[in-house]
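Student: Next comes coords07.csv, CSV, N, CA and C atoms:
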```csv
chain,number,residue,atom,x,y,z
Q,258,MET,N,-150.6,144.6,142.3
Q,258,MET,CA,-150.9,144.6,143.7
Q,258,MET,C,-151.2,146.0,144.2
Q,259,THR,N,-152.2,146.1,145.0
Q,259,THR,CA,-152.6,147.5,145.5
Q,259,THR,C,-151.7,147.9,146.6
Q,260,ASP,N,-151.7,149.2,146.9
Q,260,ASP,CA,-151.0,149.7,148.0
Q,260,ASP,C,-151.5,149.1,149.3
Q,261,HIS,N,-152.8,148.9,149.4
Q,261,HIS,CA,-153.4,148.3,150.6
Q,261,HIS,C,-152.9,146.9,150.8
Q,262,ALA,N,-152.8,146.1,149.8
Q,262,ALA,CA,-152.3,144.7,149.9
Q,262,ALA,C,-150.8,144.7,150.3
Q,263,ARG,N,-150.0,145.6,149.7
Q,263,ARG,CA,-148.6,145.7,150.1
Q,263,ARG,C,-148.5,146.1,151.6
Q,264,ASP,N,-149.3,147.1,152.0
Q,264,ASP,CA,-149.2,147.5,153.5
Q,264,ASP,C,-149.6,146.3,154.4
Q,265,LEU,N,-150.7,145.6,154.0
Q,265,LEU,CA,-151.1,144.5,154.8
Q,265,LEU,C,-150.1,143.4,154.9
Q,266,MET,N,-149.4,143.1,153.7
Q,266,MET,CA,-148.4,142.1,153.7
Q,266,MET,C,-147.2,142.5,154.6
Q,267,THR,N,-146.9,143.8,154.6
Q,267,THR,CA,-145.8,144.3,155.5
Q,267,THR,C,-146.2,144.1,157.0
Q,268,ILE,N,-147.4,144.4,157.3
Q,268,ILE,CA,-147.9,144.3,158.7
Q,268,ILE,C,-147.9,142.8,159.1
Q,269,LEU,N,-148.2,141.9,158.2
Q,269,LEU,CA,-148.3,140.5,158.5
Q,269,LEU,C,-146.9,139.8,158.4
Q,270,GLY,N,-145.9,140.5,157.9
Q,270,GLY,CA,-144.6,139.9,157.8
Q,270,GLY,C,-144.5,139.0,156.6
Q,271,LEU,N,-145.3,139.2,155.6
Q,271,LEU,CA,-145.3,138.4,154.4
Q,271,LEU,C,-144.5,139.0,153.3
Q,272,ARG,N,-144.1,138.2,152.3
Q,272,ARG,CA,-143.5,138.8,151.1
Q,272,ARG,C,-144.3,138.3,149.9
Q,273,ALA,N,-144.3,139.0,148.8
Q,273,ALA,CA,-145.0,138.6,147.6
Q,273,ALA,C,-144.4,137.3,147.0
Q,274,PRO,N,-145.2,136.5,146.5
Q,274,PRO,CA,-144.7,135.3,145.8
Q,274,PRO,C,-143.9,135.7,144.6
Q,275,GLN,N,-142.9,134.9,144.2
Q,275,GLN,CA,-142.0,135.2,143.1
Q,275,GLN,C,-141.9,133.9,142.2
Q,276,ARG,N,-141.6,134.1,141.0
Q,276,ARG,CA,-141.4,132.9,140.1
Q,276,ARG,C,-140.4,131.9,140.7
Q,277,ALA,N,-139.4,132.4,141.4
Q,277,ALA,CA,-138.4,131.5,142.1
Q,277,ALA,C,-139.0,130.6,143.1
Q,278,ASP,N,-140.2,130.9,143.6
Q,278,ASP,CA,-140.8,130.1,144.6
Q,278,ASP,C,-141.5,128.8,144.0
Q,279,ILE,N,-141.6,128.7,142.7
Q,279,ILE,CA,-142.3,127.6,142.1
Q,279,ILE,C,-141.6,126.3,142.4
Q,280,PRO,N,-140.3,126.2,142.3
Q,280,PRO,CA,-139.7,124.9,142.7
Q,280,PRO,C,-139.9,124.5,144.2
Q,281,PHE,N,-140.0,125.5,145.1
Q,281,PHE,CA,-140.3,125.2,146.5
Q,281,PHE,C,-141.7,124.7,146.6
Q,282,MET,N,-142.6,125.2,145.8
Q,282,MET,CA,-144.0,124.8,145.8
Q,282,MET,C,-144.1,123.4,145.3
Q,283,ILE,N,-143.4,123.1,144.2
Q,283,ILE,CA,-143.5,121.8,143.6
Q,283,ILE,C,-142.9,120.7,144.5
Q,284,GLU,N,-141.8,121.1,145.2
Q,284,GLU,CA,-141.3,120.1,146.2
Q,284,GLU,C,-142.2,119.8,147.4
Q,285,ALA,N,-142.9,120.9,147.8
Q,285,ALA,CA,-143.9,120.7,148.9
Q,285,ALA,C,-145.0,119.8,148.4
Q,286,ALA,N,-145.4,120.0,147.2
Q,286,ALA,CA,-146.5,119.1,146.6
Q,286,ALA,C,-146.0,117.7,146.5
Q,287,ALA,N,-144.8,117.5,146.0
Q,287,ALA,CA,-144.2,116.2,145.8
Q,287,ALA,C,-144.1,115.4,147.2
Q,288,ASN,N,-143.7,116.1,148.2
Q,288,ASN,CA,-143.6,115.5,149.5
Q,288,ASN,C,-145.0,115.1,150.0
Q,289,ALA,N,-146.0,115.9,149.8
Q,289,ALA,CA,-147.4,115.5,150.2
Q,289,ALA,C,-147.9,114.4,149.3
Q,290,ALA,N,-147.6,114.4,148.0
Q,290,ALA,CA,-148.1,113.4,147.1
Q,290,ALA,C,-147.5,112.1,147.3
Q,291,TRP,N,-146.3,112.0,148.0
Q,291,TRP,CA,-145.7,110.7,148.3
Q,291,TRP,C,-146.6,109.8,149.1
Q,292,ALA,N,-147.5,110.5,149.9
Q,292,ALA,CA,-148.3,109.7,150.8
Q,292,ALA,C,-149.8,109.6,150.3
Q,293,THR,N,-150.2,110.5,149.4
Q,293,THR,CA,-151.6,110.5,148.9
Q,293,THR,C,-151.6,111.0,147.5
Q,294,ASP,N,-152.8,110.7,146.9
Q,294,ASP,CA,-153.0,111.2,145.5
Q,294,ASP,C,-154.1,112.2,145.5
Q,295,SER,N,-154.6,112.6,146.7
Q,295,SER,CA,-155.7,113.5,146.9
Q,295,SER,C,-155.3,115.0,146.6
Q,296,GLY,N,-155.9,115.5,145.6
Q,296,GLY,CA,-155.6,116.9,145.1
Q,296,GLY,C,-155.7,117.9,146.2
Q,297,ILE,N,-156.8,117.8,147.0
Q,297,ILE,CA,-157.0,118.7,148.1
Q,297,ILE,C,-155.9,118.7,149.2
Q,298,VAL,N,-155.5,117.5,149.5
Q,298,VAL,CA,-154.4,117.3,150.5
Q,298,VAL,C,-153.1,117.9,150.0
Q,299,ILE,N,-152.8,117.7,148.7
Q,299,ILE,CA,-151.6,118.2,148.1
Q,299,ILE,C,-151.6,119.8,148.0
Q,300,VAL,N,-152.7,120.3,147.6
Q,300,VAL,CA,-152.9,121.8,147.5
Q,300,VAL,C,-152.8,122.4,148.9
Q,301,ARG,N,-153.4,121.8,149.9
Q,301,ARG,CA,-153.3,122.3,151.3
Q,301,ARG,C,-151.8,122.2,151.7
Q,302,ALA,N,-151.1,121.2,151.4
Q,302,ALA,CA,-149.7,121.1,151.8
Q,302,ALA,C,-148.9,122.3,151.1
Q,303,VAL,N,-149.2,122.6,149.9
Q,303,VAL,CA,-148.5,123.7,149.2
Q,303,VAL,C,-148.8,125.0,149.9
Q,304,MET,N,-150.1,125.2,150.2
Q,304,MET,CA,-150.5,126.5,150.9
Q,304,MET,C,-149.9,126.6,152.3
Q,305,ASP,N,-149.8,125.4,153.0
Q,305,ASP,CA,-149.2,125.4,154.3
Q,305,ASP,C,-147.7,125.8,154.3
Q,306,ALA,N,-147.0,125.2,153.3
Q,306,ALA,CA,-145.6,125.5,153.1
Q,306,ALA,C,-145.4,127.0,152.8
Q,307,LEU,N,-146.2,127.5,152.0
Q,307,LEU,CA,-146.1,129.0,151.7
Q,307,LEU,C,-146.3,129.8,152.9
Q,308,ARG,N,-147.3,129.5,153.7
Q,308,ARG,CA,-147.6,130.2,154.9
Q,308,ARG,C,-146.5,130.1,155.9
Q,309,HIS,N,-146.0,128.9,156.0
Q,309,HIS,CA,-144.8,128.7,157.0
Q,309,HIS,C,-143.6,129.5,156.5
Q,310,ALA,N,-143.4,129.6,155.2
Q,310,ALA,CA,-142.3,130.4,154.7
Q,310,ALA,C,-142.6,131.9,154.6
Q,311,LYS,N,-143.8,132.3,155.1
Q,311,LYS,CA,-144.2,133.7,155.1
Q,311,LYS,C,-144.2,134.3,153.7
Q,312,ILE,N,-144.8,133.5,152.8
Q,312,ILE,CA,-145.0,134.0,151.4
Q,312,ILE,C,-146.5,134.1,151.2
Q,313,ALA,N,-146.9,135.2,150.7
Q,313,ALA,CA,-148.3,135.4,150.4
Q,313,ALA,C,-148.7,134.4,149.3
Q,314,LEU,N,-150.0,134.0,149.4
Q,314,LEU,CA,-150.4,133.0,148.4
Q,314,LEU,C,-150.5,133.6,147.0
Q,315,PRO,N,-149.9,132.9,146.0
Q,315,PRO,CA,-150.1,133.3,144.6
Q,315,PRO,C,-151.5,133.0,144.1
Q,316,SER,N,-151.7,133.2,142.9
Q,316,SER,CA,-153.0,132.8,142.3
Q,316,SER,C,-153.3,131.3,142.4
Q,317,ILE,N,-154.5,131.0,142.4
Q,317,ILE,CA,-154.9,129.6,142.6
Q,317,ILE,C,-154.4,128.8,141.4
Q,318,SER,N,-154.3,129.4,140.2
Q,318,SER,CA,-153.8,128.6,139.0
Q,318,SER,C,-152.3,128.3,139.2
Q,319,THR,N,-151.6,129.2,139.9
Q,319,THR,CA,-150.2,128.9,140.1
Q,319,THR,C,-150.0,127.7,141.2
Q,320,ILE,N,-150.9,127.8,142.2
Q,320,ILE,CA,-150.9,126.7,143.2
Q,320,ILE,C,-151.3,125.4,142.6
Q,321,GLU,N,-152.3,125.5,141.7
Q,321,GLU,CA,-152.8,124.2,141.0
Q,321,GLU,C,-151.7,123.6,140.1
Q,322,ARG,N,-151.0,124.4,139.3
Q,322,ARG,CA,-150.0,123.9,138.4
Q,322,ARG,C,-148.8,123.3,139.2
Q,323,ALA,N,-148.4,124.0,140.3
Q,323,ALA,CA,-147.3,123.5,141.1
Q,323,ALA,C,-147.7,122.2,141.8
Q,324,SER,N,-149.0,122.1,142.2
Q,324,SER,CA,-149.5,120.9,142.8
Q,324,SER,C,-149.5,119.7,141.8
Q,325,ILE,N,-150.0,120.0,140.6
Q,325,ILE,CA,-150.0,118.9,139.6
Q,325,ILE,C,-148.6,118.5,139.3
Q,326,ALA,N,-147.7,119.4,139.2
Q,326,ALA,CA,-146.3,119.1,138.9
Q,326,ALA,C,-145.6,118.3,140.0
Q,327,GLY,N,-146.0,118.6,141.2
Q,327,GLY,CA,-145.5,117.9,142.4
Q,327,GLY,C,-146.0,116.5,142.4
Q,328,ARG,N,-147.3,116.3,142.1
Q,328,ARG,CA,-147.9,115.0,142.1
Q,328,ARG,C,-147.3,114.1,141.0
Q,329,ALA,N,-147.0,114.7,139.9
Q,329,ALA,CA,-146.3,114.0,138.8
Q,329,ALA,C,-144.9,113.6,139.2
Q,330,ARG,N,-144.2,114.4,139.9
Q,330,ARG,CA,-142.8,114.1,140.4
Q,330,ARG,C,-142.9,112.9,141.4
Q,331,ALA,N,-143.9,113.0,142.3
Q,331,ALA,CA,-144.0,111.9,143.3
Q,331,ALA,C,-144.4,110.6,142.6
Q,332,ARG,N,-145.2,110.6,141.5
Q,332,ARG,CA,-145.6,109.4,140.8
Q,332,ARG,C,-144.3,108.8,140.1
Q,333,ARG,N,-143.5,109.7,139.5
Q,333,ARG,CA,-142.3,109.2,138.9
Q,333,ARG,C,-141.4,108.5,139.9
Q,334,LYS,N,-141.2,109.2,141.1
Q,334,LYS,CA,-140.4,108.6,142.1
Q,334,LYS,C,-140.9,107.3,142.6
Q,335,THR,N,-142.2,107.2,142.7
Q,335,THR,CA,-142.9,105.9,143.1
Q,335,THR,C,-142.6,104.8,142.1
Q,336,ALA,N,-142.8,105.1,140.9
Q,336,ALA,CA,-142.6,104.2,139.8
Q,336,ALA,C,-141.1,103.7,139.8
Q,337,GLN,N,-140.3,104.7,139.9
Q,337,GLN,CA,-138.8,104.3,140.0
Q,337,GLN,C,-138.5,103.4,141.2
Q,338,ALA,N,-139.1,103.8,142.3
Q,338,ALA,CA,-138.8,102.9,143.5
Q,338,ALA,C,-139.4,101.5,143.4
Q,339,LEU,N,-140.5,101.4,142.7
Q,339,LEU,CA,-141.1,100.1,142.5
Q,339,LEU,C,-140.4,99.2,141.5
Q,340,THR,N,-139.8,99.9,140.5
Q,340,THR,CA,-139.2,99.1,139.4
Q,340,THR,C,-137.7,99.0,139.6
Q,341,GLN,N,-137.1,99.7,140.5
Q,341,GLN,CA,-135.7,99.6,140.7
Q,341,GLN,C,-135.3,98.1,141.1
Q,342,GLY,N,-134.3,97.6,140.4
Q,342,GLY,CA,-133.8,96.3,140.7
Q,342,GLY,C,-134.5,95.2,139.8
Q,343,LEU,N,-135.5,95.6,139.0
Q,343,LEU,CA,-136.2,94.6,138.2
Q,343,LEU,C,-135.3,94.3,136.9
Q,344,THR,N,-135.3,93.1,136.5
Q,344,THR,CA,-134.6,92.8,135.2
Q,344,THR,C,-135.4,93.3,134.0
Q,345,GLY,N,-134.7,93.4,132.9
Q,345,GLY,CA,-135.4,93.8,131.7
Q,345,GLY,C,-136.6,92.9,131.3
Q,346,ASP,N,-136.5,91.6,131.5
Q,346,ASP,CA,-137.6,90.7,131.3
Q,346,ASP,C,-138.8,91.0,132.2
Q,347,GLN,N,-138.5,91.3,133.5
Q,347,GLN,CA,-139.6,91.6,134.4
Q,347,GLN,C,-140.3,93.0,134.0
Q,348,VAL,N,-139.5,93.9,133.6
Q,348,VAL,CA,-140.1,95.2,133.1
Q,348,VAL,C,-141.0,95.0,131.9
Q,349,THR,N,-140.5,94.2,131.0
Q,349,THR,CA,-141.3,93.8,129.8
Q,349,THR,C,-142.5,93.1,130.2
Q,350,ALA,N,-142.5,92.2,131.1
Q,350,ALA,CA,-143.7,91.5,131.5
Q,350,ALA,C,-144.7,92.4,132.2
Q,351,LEU,N,-144.2,93.4,133.0
Q,351,LEU,CA,-145.1,94.4,133.6
Q,351,LEU,C,-145.7,95.3,132.5
Q,352,ASP,N,-144.9,95.7,131.5
Q,352,ASP,CA,-145.4,96.5,130.4
Q,352,ASP,C,-146.6,95.7,129.7
Q,353,ARG,N,-146.4,94.4,129.5
Q,353,ARG,CA,-147.4,93.6,128.8
Q,353,ARG,C,-148.6,93.6,129.7
Q,354,LEU,N,-148.4,93.4,131.0
Q,354,LEU,CA,-149.5,93.2,132.0
Q,354,LEU,C,-150.4,94.5,131.9
Q,355,PHE,N,-149.8,95.7,131.9
Q,355,PHE,CA,-150.5,96.9,131.9
Q,355,PHE,C,-150.9,97.5,130.5
Q,356,GLY,N,-150.5,96.7,129.5
Q,356,GLY,CA,-150.9,97.1,128.1
Q,356,GLY,C,-150.1,98.2,127.5
Q,357,VAL,N,-148.8,98.3,128.0
Q,357,VAL,CA,-147.9,99.4,127.5
Q,357,VAL,C,-147.4,98.9,126.2
Q,358,ARG,N,-147.5,99.7,125.2
Q,358,ARG,CA,-147.0,99.4,123.8
Q,358,ARG,C,-145.5,99.9,123.7
Q,359,THR,N,-144.7,99.1,123.3
Q,359,THR,CA,-143.3,99.5,123.1
Q,359,THR,C,-142.9,99.6,121.7
```
Kindly transcribe the structure held in the file into structure tokens.
Tutor:
Amino acid sequence: MTDHARDLMTILGLRAPQRADIPFMIEAAANAAWATDSGIVIVRAVMDALRHAKIALPSISTIERASIAGRARARRKTAQALTQGLTGDQVTALDRLFGVRT
């Protein structure tokens, strides 16, 4: 990071992104992905969360990876919510319906 970028971040009250911010970004993505599968909406939610937390935006590849991870987390939670309470026979029938090989 250049001295100019550091000075600008200080003036704007931002801090540099850190590796420890990734779980925060994934959670923001998962929350957005609970309602949509749109990549643009999910990425925007991650960026908005970072801005709200006064964290400078990391590289787009970092935002993209966190967004993908958050969407995967939301999909797992959705599948879990949909299959919770099903019997083993019902899960097997669903697997057959969707062509899942066991």
Student: Just checking: using only C-alpha atoms, which residue out of Q:Ala292, Q:Ala338, Q:Leu351, Q:Val303 ends up closest to Pro315 (chain Q)?
Tutor: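 Among Q:Ala292, Q:Ala338, Q:Leu351, Q:Val303, it is Q:Val303 that comes nearest to Pro315 (chain Q).
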Student: Determine, counting only C-alpha atoms, which protein, DNA and RNA residues have an atom within 12 Å of an atom of Ile279 (chain Q); residues of the same chain fewer than 3 positions away are not included. Present the result as a list in words.
Tutor: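 Close residues of Ile279 (chain Q): Pro274, Gln275, Arg276, Met282, Ile283, Glu284, Ala285, Ala286, Val303, Ala306, Leu307, Ile312, Leu314, Pro315, Ser316, Ser318, Thr319, Ile320, Glu321, Arg322, Ala323, Ser324, Ile325, Ala326 and Gly327 of chain Q.
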Student: Between atom N of Asn288 (chain Q) and CA of Arg272 (chain Q), what distance in Å does the model show, to one decimal?
Tutor: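 Here the two named atoms are 22.9 Å from each other.
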Student: Mind listing the helix (DSSP H, G or I) residues of chain Q, per DSSP on the backbone, as a count of residues only?
Tutor: 73
Student: Can you tell me how far atom C of Ala313 (chain Q) sits from CA of Ala331 (chain Q), in Å to one decimal?
Tutor: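 Pair atom C of Ala313 (chain Q) / CA of Ala331 (chain Q) returns 23.8 Å.
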Student: Interatomic distance between CA of Thr349 (chain Q) and atom C of Ala336 (chain Q)?
Tutor: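 Between CA of Thr349 (chain Q) and atom C of Ala336 (chain Q) the gap works out to 14.1 Å.
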Student: Hey, what's within 12 Å of Arg263 (chain Q) if we count only C-alpha atoms and toss same-chain stuff fewer than 4 positions away? As a VMD selection string, please?
Tutor: chain Q and resid 258 to 259 267 to 274 313
Student: Please determine, counting only N, CA and C atoms, which residue among Q:Asp260, Q:Asp305, Q:Asp294, Q:Asp278 has the shortest atom-to-atom distance to Arg328 (chain Q).
Tutor: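 That would be Q:Asp294, the residue with the smallest distance to Arg328 (chain Q).
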